[in-house]
Amino acid sequence: GEFTFWNALQSTIRNKFEVDRQNILQNPMMNEKEREASLEEVQQSLSHFNAIFDQEEHQKLVDSGHRSMSLRAVQAALLIQLYEDYPIMQMPSTLLRELVELDNLMAAWRYRHSLVVARTIGSKPGTGGSSGALYLRSTAARYRIFKEIMETASYLIPKTERPQLPREIQERFDFRA
């Protein structure tokens with residue numbers, strides 16, 4: 001059949017997940033509980049990756065609160081990070097890294113704030129009827145603004161394994177065109 005860039009990319013990344021799965025299964029350093037947890041994590045990452053190419057699955061993740069970005073935005077973030085070595089992708093790649101850094105700083109601030117609250121009010125209920133410090137601590141990990149961008153790190157592959165971009169896209173990425 002005809003070469004399709006997105007199909008080639010999906011196949012390459014799915015193969016990476018299979019290698020990860022095999023490495024976990026063959027790792028003698030893991031106990032059964034660690035192996036099971038690692039395999040579940042790989043399966044969840046694969047499921048989230050598959051949703052990048054399936055509007056219906058993506059919408060299920062949006063509806064369940066696991067995603068907030070549009071399908072096209074998630075696809076674009078993945079493409080930008082995979083091909084960040086092209087000059088035209090360097091500024092968008094820098095922007096994505098800075099958005100993730102902002103998200104990390106917000107999470108760190110939320111966590112530090114929860115420590116201050118714990119030190120100030122202990123285990124008393126917080127204002128507004130929340131559980132106080134416990135609630136604040138849980139929000140540090142739960143409320144990530146750019147989690148989809150962070151998630152794409154699970155799908156990155158070595159440059160030597162990524163599919164070659166179609167010629168018309170390469171020409172658009174070339175400043176000389």
# chains A, B, ... in the order shown; residues from 1 in each chain; ligands from 1

$ residues_around --residues "region 155-166 of chain A" --least-positions-apart "5" --cutoff "8 Å" --atoms "only C-alpha atoms" --output "PDB file with N, CA, C and O atoms, in the first residue's frame"
ATOM      1  N   PHE A   5       2.696   8.599   6.481  1.00  0.00           N
ATOM      2  CA  PHE A   5       3.599   9.024   7.547  1.00  0.00           C
ATOM      3  C   PHE A   5       3.052   8.654   8.920  1.00  0.00           C
ATOM      4  O   PHE A   5       3.747   8.051   9.736  1.00  0.00           O
ATOM      5  N   ALA A   8       3.272   4.997   9.691  1.00  0.00           N
ATOM      6  CA  ALA A   8       4.656   4.588   9.949  1.00  0.00           C
ATOM      7  C   ALA A   8       5.090   5.018  11.348  1.00  0.00           C
ATOM      8  O   ALA A   8       5.743   4.258  12.069  1.00  0.00           O
ATOM      9  N   LEU A   9       4.714   6.224  11.749  1.00  0.00           N
ATOM     10  CA  LEU A   9       5.062   6.716  13.084  1.00  0.00           C
ATOM     11  C   LEU A   9       4.391   5.862  14.163  1.00  0.00           C
ATOM     12  O   LEU A   9       5.033   5.451  15.130  1.00  0.00           O
ATOM     13  N   THR A  12       6.150   2.475  14.455  1.00  0.00           N
ATOM     14  CA  THR A  12       7.463   2.601  15.091  1.00  0.00           C
ATOM     15  C   THR A  12       7.330   2.766  16.601  1.00  0.00           C
ATOM     16  O   THR A  12       8.032   2.114  17.381  1.00  0.00           O
ATOM     17  N   ILE A  13       6.418   3.617  17.026  1.00  0.00           N
ATOM     18  CA  ILE A  13       6.264   3.880  18.461  1.00  0.00           C
ATOM     19  C   ILE A  13       5.606   2.685  19.161  1.00  0.00           C
ATOM     20  O   ILE A  13       5.991   2.328  20.278  1.00  0.00           O
ATOM     21  N   LYS A  16       8.214   0.307  19.920  1.00  0.00           N
ATOM     22  CA  LYS A  16       8.982   0.751  21.090  1.00  0.00           C
ATOM     23  C   LYS A  16       8.289   0.300  22.373  1.00  0.00           C
ATOM     24  O   LYS A  16       8.936  -0.176  23.301  1.00  0.00           O
ATOM     25  N   PHE A  49      -1.378   6.767  23.859  1.00  0.00           N
ATOM     26  CA  PHE A  49      -0.759   7.012  22.558  1.00  0.00           C
ATOM     27  C   PHE A  49      -1.738   6.684  21.431  1.00  0.00           C
ATOM     28  O   PHE A  49      -1.899   7.467  20.493  1.00  0.00           O
ATOM     29  N   LEU A  78       3.415  16.311  19.561  1.00  0.00           N
ATOM     30  CA  LEU A  78       4.237  15.124  19.308  1.00  0.00           C
ATOM     31  C   LEU A  78       5.139  15.348  18.101  1.00  0.00           C
ATOM     32  O   LEU A  78       6.340  15.086  18.158  1.00  0.00           O
ATOM     33  N   GLN A  81       8.012  17.765  18.904  1.00  0.00           N
ATOM     34  CA  GLN A  81       9.068  17.187  19.742  1.00  0.00           C
ATOM     35  C   GLN A  81       9.879  16.132  18.997  1.00  0.00           C
ATOM     36  O   GLN A  81      11.085  16.021  19.196  1.00  0.00           O
ATOM     37  N   LEU A  82       9.237  15.366  18.129  1.00  0.00           N
ATOM     38  CA  LEU A  82       9.967  14.348  17.385  1.00  0.00           C
ATOM     39  C   LEU A  82      10.928  14.948  16.360  1.00  0.00           C
ATOM     40  O   LEU A  82      11.980  14.390  16.094  1.00  0.00           O
TER      41      LEU A  82
END

$ residues_around --residues "Glu84 (chain A)" --least-positions-apart "2" --cutoff "12 Å" --atoms "only C-alpha atoms" --output "JSON, numbers by chain"
{"A": [76, 77, 78, 79, 80, 81, 82, 86, 87, 88, 89, 90, 91, 92, 93, 94, 95, 96, 97, 156, 158, 159, 173]}

$ write_last_selection --atoms "N, CA and C atoms" --output "PDB file, in the first residue's frame"
ATOM      1  N   ALA A  76       0.202  17.792  17.094  1.00  0.00           N
ATOM      2  CA  ALA A  76       1.210  18.807  16.772  1.00  0.00           C
ATOM      3  C   ALA A  76       2.340  18.801  17.796  1.00  0.00           C
ATOM      4  N   ALA A  77       2.010  18.678  19.074  1.00  0.00           N
ATOM      5  CA  ALA A  77       3.037  18.640  20.118  1.00  0.00           C
ATOM      6  C   ALA A  77       3.973  17.458  19.911  1.00  0.00           C
ATOM      7  N   LEU A  78       3.415  16.311  19.561  1.00  0.00           N
ATOM      8  CA  LEU A  78       4.237  15.124  19.308  1.00  0.00           C
ATOM      9  C   LEU A  78       5.139  15.348  18.101  1.00  0.00           C
ATOM     10  N   LEU A  79       4.575  15.859  17.025  1.00  0.00           N
ATOM     11  CA  LEU A  79       5.365  16.109  15.812  1.00  0.00           C
ATOM     12  C   LEU A  79       6.486  17.107  16.079  1.00  0.00           C
ATOM     13  N   ILE A  80       6.182  18.166  16.797  1.00  0.00           N
ATOM     14  CA  ILE A  80       7.191  19.188  17.120  1.00  0.00           C
ATOM     15  C   ILE A  80       8.333  18.578  17.915  1.00  0.00           C
ATOM     16  N   GLN A  81       8.012  17.765  18.904  1.00  0.00           N
ATOM     17  CA  GLN A  81       9.068  17.187  19.742  1.00  0.00           C
ATOM     18  C   GLN A  81       9.879  16.132  18.997  1.00  0.00           C
ATOM     19  N   LEU A  82       9.237  15.366  18.129  1.00  0.00           N
ATOM     20  CA  LEU A  82       9.967  14.348  17.385  1.00  0.00           C
ATOM     21  C   LEU A  82      10.928  14.948  16.360  1.00  0.00           C
ATOM     22  N   TYR A  86      14.751  20.168  13.255  1.00  0.00           N
ATOM     23  CA  TYR A  86      14.529  21.031  12.097  1.00  0.00           C
ATOM     24  C   TYR A  86      14.479  22.474  12.603  1.00  0.00           C
ATOM     25  N   PRO A  87      15.163  23.382  11.930  1.00  0.00           N
ATOM     26  CA  PRO A  87      15.195  24.775  12.407  1.00  0.00           C
ATOM     27  C   PRO A  87      13.812  25.381  12.638  1.00  0.00           C
ATOM     28  N   ILE A  88      12.867  25.075  11.783  1.00  0.00           N
ATOM     29  CA  ILE A  88      11.538  25.676  11.914  1.00  0.00           C
ATOM     30  C   ILE A  88      10.790  25.156  13.150  1.00  0.00           C
ATOM     31  N   MET A  89      11.242  24.026  13.707  1.00  0.00           N
ATOM     32  CA  MET A  89      10.595  23.439  14.885  1.00  0.00           C
ATOM     33  C   MET A  89      11.255  23.864  16.193  1.00  0.00           C
ATOM     34  N   GLN A  90      12.371  24.555  16.134  1.00  0.00           N
ATOM     35  CA  GLN A  90      13.104  24.870  17.357  1.00  0.00           C
ATOM     36  C   GLN A  90      12.353  25.837  18.268  1.00  0.00           C
ATOM     37  N   MET A  91      11.759  26.870  17.715  1.00  0.00           N
ATOM     38  CA  MET A  91      10.992  27.793  18.574  1.00  0.00           C
ATOM     39  C   MET A  91       9.744  27.132  19.150  1.00  0.00           C
ATOM     40  N   PRO A  92       8.953  26.407  18.346  1.00  0.00           N
ATOM     41  CA  PRO A  92       7.806  25.711  18.946  1.00  0.00           C
ATOM     42  C   PRO A  92       8.241  24.698  20.011  1.00  0.00           C
ATOM     43  N   SER A  93       9.365  24.022  19.775  1.00  0.00           N
ATOM     44  CA  SER A  93       9.865  23.053  20.756  1.00  0.00           C
ATOM     45  C   SER A  93      10.257  23.754  22.055  1.00  0.00           C
ATOM     46  N   THR A  94      10.895  24.889  21.923  1.00  0.00           N
ATOM     47  CA  THR A  94      11.265  25.677  23.106  1.00  0.00           C
ATOM     48  C   THR A  94      10.007  26.109  23.859  1.00  0.00           C
ATOM     49  N   LEU A  95       8.992  26.533  23.136  1.00  0.00           N
ATOM     50  CA  LEU A  95       7.728  26.932  23.771  1.00  0.00           C
ATOM     51  C   LEU A  95       7.123  25.759  24.541  1.00  0.00           C
ATOM     52  N   LEU A  96       7.108  24.576  23.944  1.00  0.00           N
ATOM     53  CA  LEU A  96       6.556  23.403  24.634  1.00  0.00           C
ATOM     54  C   LEU A  96       7.339  23.098  25.905  1.00  0.00           C
ATOM     55  N   ARG A  97       8.673  23.166  25.829  1.00  0.00           N
ATOM     56  CA  ARG A  97       9.495  22.922  27.028  1.00  0.00           C
ATOM     57  C   ARG A  97       9.205  23.951  28.110  1.00  0.00           C
ATOM     58  N   LEU A 156       8.603   9.503  22.524  1.00  0.00           N
ATOM     59  CA  LEU A 156       9.762   9.940  21.748  1.00  0.00           C
ATOM     60  C   LEU A 156      10.628   8.746  21.391  1.00  0.00           C
ATOM     61  N   PRO A 158      14.377   7.511  19.054  1.00  0.00           N
ATOM     62  CA  PRO A 158      15.636   8.043  18.507  1.00  0.00           C
ATOM     63  C   PRO A 158      15.447   8.556  17.071  1.00  0.00           C
ATOM     64  N   LYS A 159      16.208   9.561  16.714  1.00  0.00           N
ATOM     65  CA  LYS A 159      16.118  10.141  15.366  1.00  0.00           C
ATOM     66  C   LYS A 159      16.294   9.083  14.286  1.00  0.00           C
ATOM     67  N   PHE A 173       9.499  22.697   5.801  1.00  0.00           N
ATOM     68  CA  PHE A 173      10.354  22.881   6.963  1.00  0.00           C
ATOM     69  C   PHE A 173      11.685  23.519   6.602  1.00  0.00           C
TER      70      PHE A 173
END

$ decode --residues "region 93-110 of chain A" --atoms "N, CA and C atoms" --output "tab-separated table (two decimals), in the first residue's frame"
chain	number	residue	atom	x	y	z
A	93	SER	N	9.37	24.02	19.77
A	93	SER	CA	9.87	23.05	20.76
A	93	SER	C	10.26	23.75	22.05
A	94	THR	N	10.90	24.89	21.92
A	94	THR	CA	11.26	25.68	23.11
A	94	THR	C	10.01	26.11	23.86
A	95	LEU	N	8.99	26.53	23.14
A	95	LEU	CA	7.73	26.93	23.77
A	95	LEU	C	7.12	25.76	24.54
A	96	LEU	N	7.11	24.58	23.94
A	96	LEU	CA	6.56	23.40	24.63
A	96	LEU	C	7.34	23.10	25.91
A	97	ARG	N	8.67	23.17	25.83
A	97	ARG	CA	9.50	22.92	27.03
A	97	ARG	C	9.20	23.95	28.11
A	98	GLU	N	9.02	25.20	27.73
A	98	GLU	CA	8.74	26.26	28.71
A	98	GLU	C	7.35	26.08	29.32
A	99	LEU	N	6.39	25.63	28.55
A	99	LEU	CA	5.05	25.37	29.10
A	99	LEU	C	5.11	24.25	30.13
A	100	VAL	N	5.87	23.20	29.84
A	100	VAL	CA	6.04	22.10	30.79
A	100	VAL	C	6.76	22.60	32.04
A	101	GLU	N	7.76	23.44	31.85
A	101	GLU	CA	8.48	24.00	33.00
A	101	GLU	C	7.54	24.86	33.86
A	102	LEU	N	6.70	25.66	33.23
A	102	LEU	CA	5.71	26.45	33.97
A	102	LEU	C	4.79	25.53	34.77
A	103	ASP	N	4.33	24.46	34.14
A	103	ASP	CA	3.48	23.49	34.81
A	103	ASP	C	4.20	22.87	36.01
A	104	ASN	N	5.47	22.52	35.84
A	104	ASN	CA	6.26	21.97	36.95
A	104	ASN	C	6.41	22.96	38.09
A	105	LEU	N	6.64	24.21	37.75
A	105	LEU	CA	6.77	25.25	38.79
A	105	LEU	C	5.46	25.44	39.55
A	106	MET	N	4.34	25.38	38.83
A	106	MET	CA	3.04	25.50	39.50
A	106	MET	C	2.80	24.32	40.44
A	107	ALA	N	3.16	23.12	40.00
A	107	ALA	CA	2.99	21.93	40.85
A	107	ALA	C	3.89	22.04	42.09
A	108	ALA	N	5.11	22.51	41.91
A	108	ALA	CA	6.02	22.67	43.04
A	108	ALA	C	5.47	23.72	44.01
A	109	TRP	N	4.91	24.81	43.46
A	109	TRP	CA	4.33	25.84	44.32
A	109	TRP	C	3.14	25.26	45.10
A	110	ARG	N	2.28	24.49	44.42
A	110	ARG	CA	1.13	23.89	45.12
A	110	ARG	C	1.60	22.98	46.26
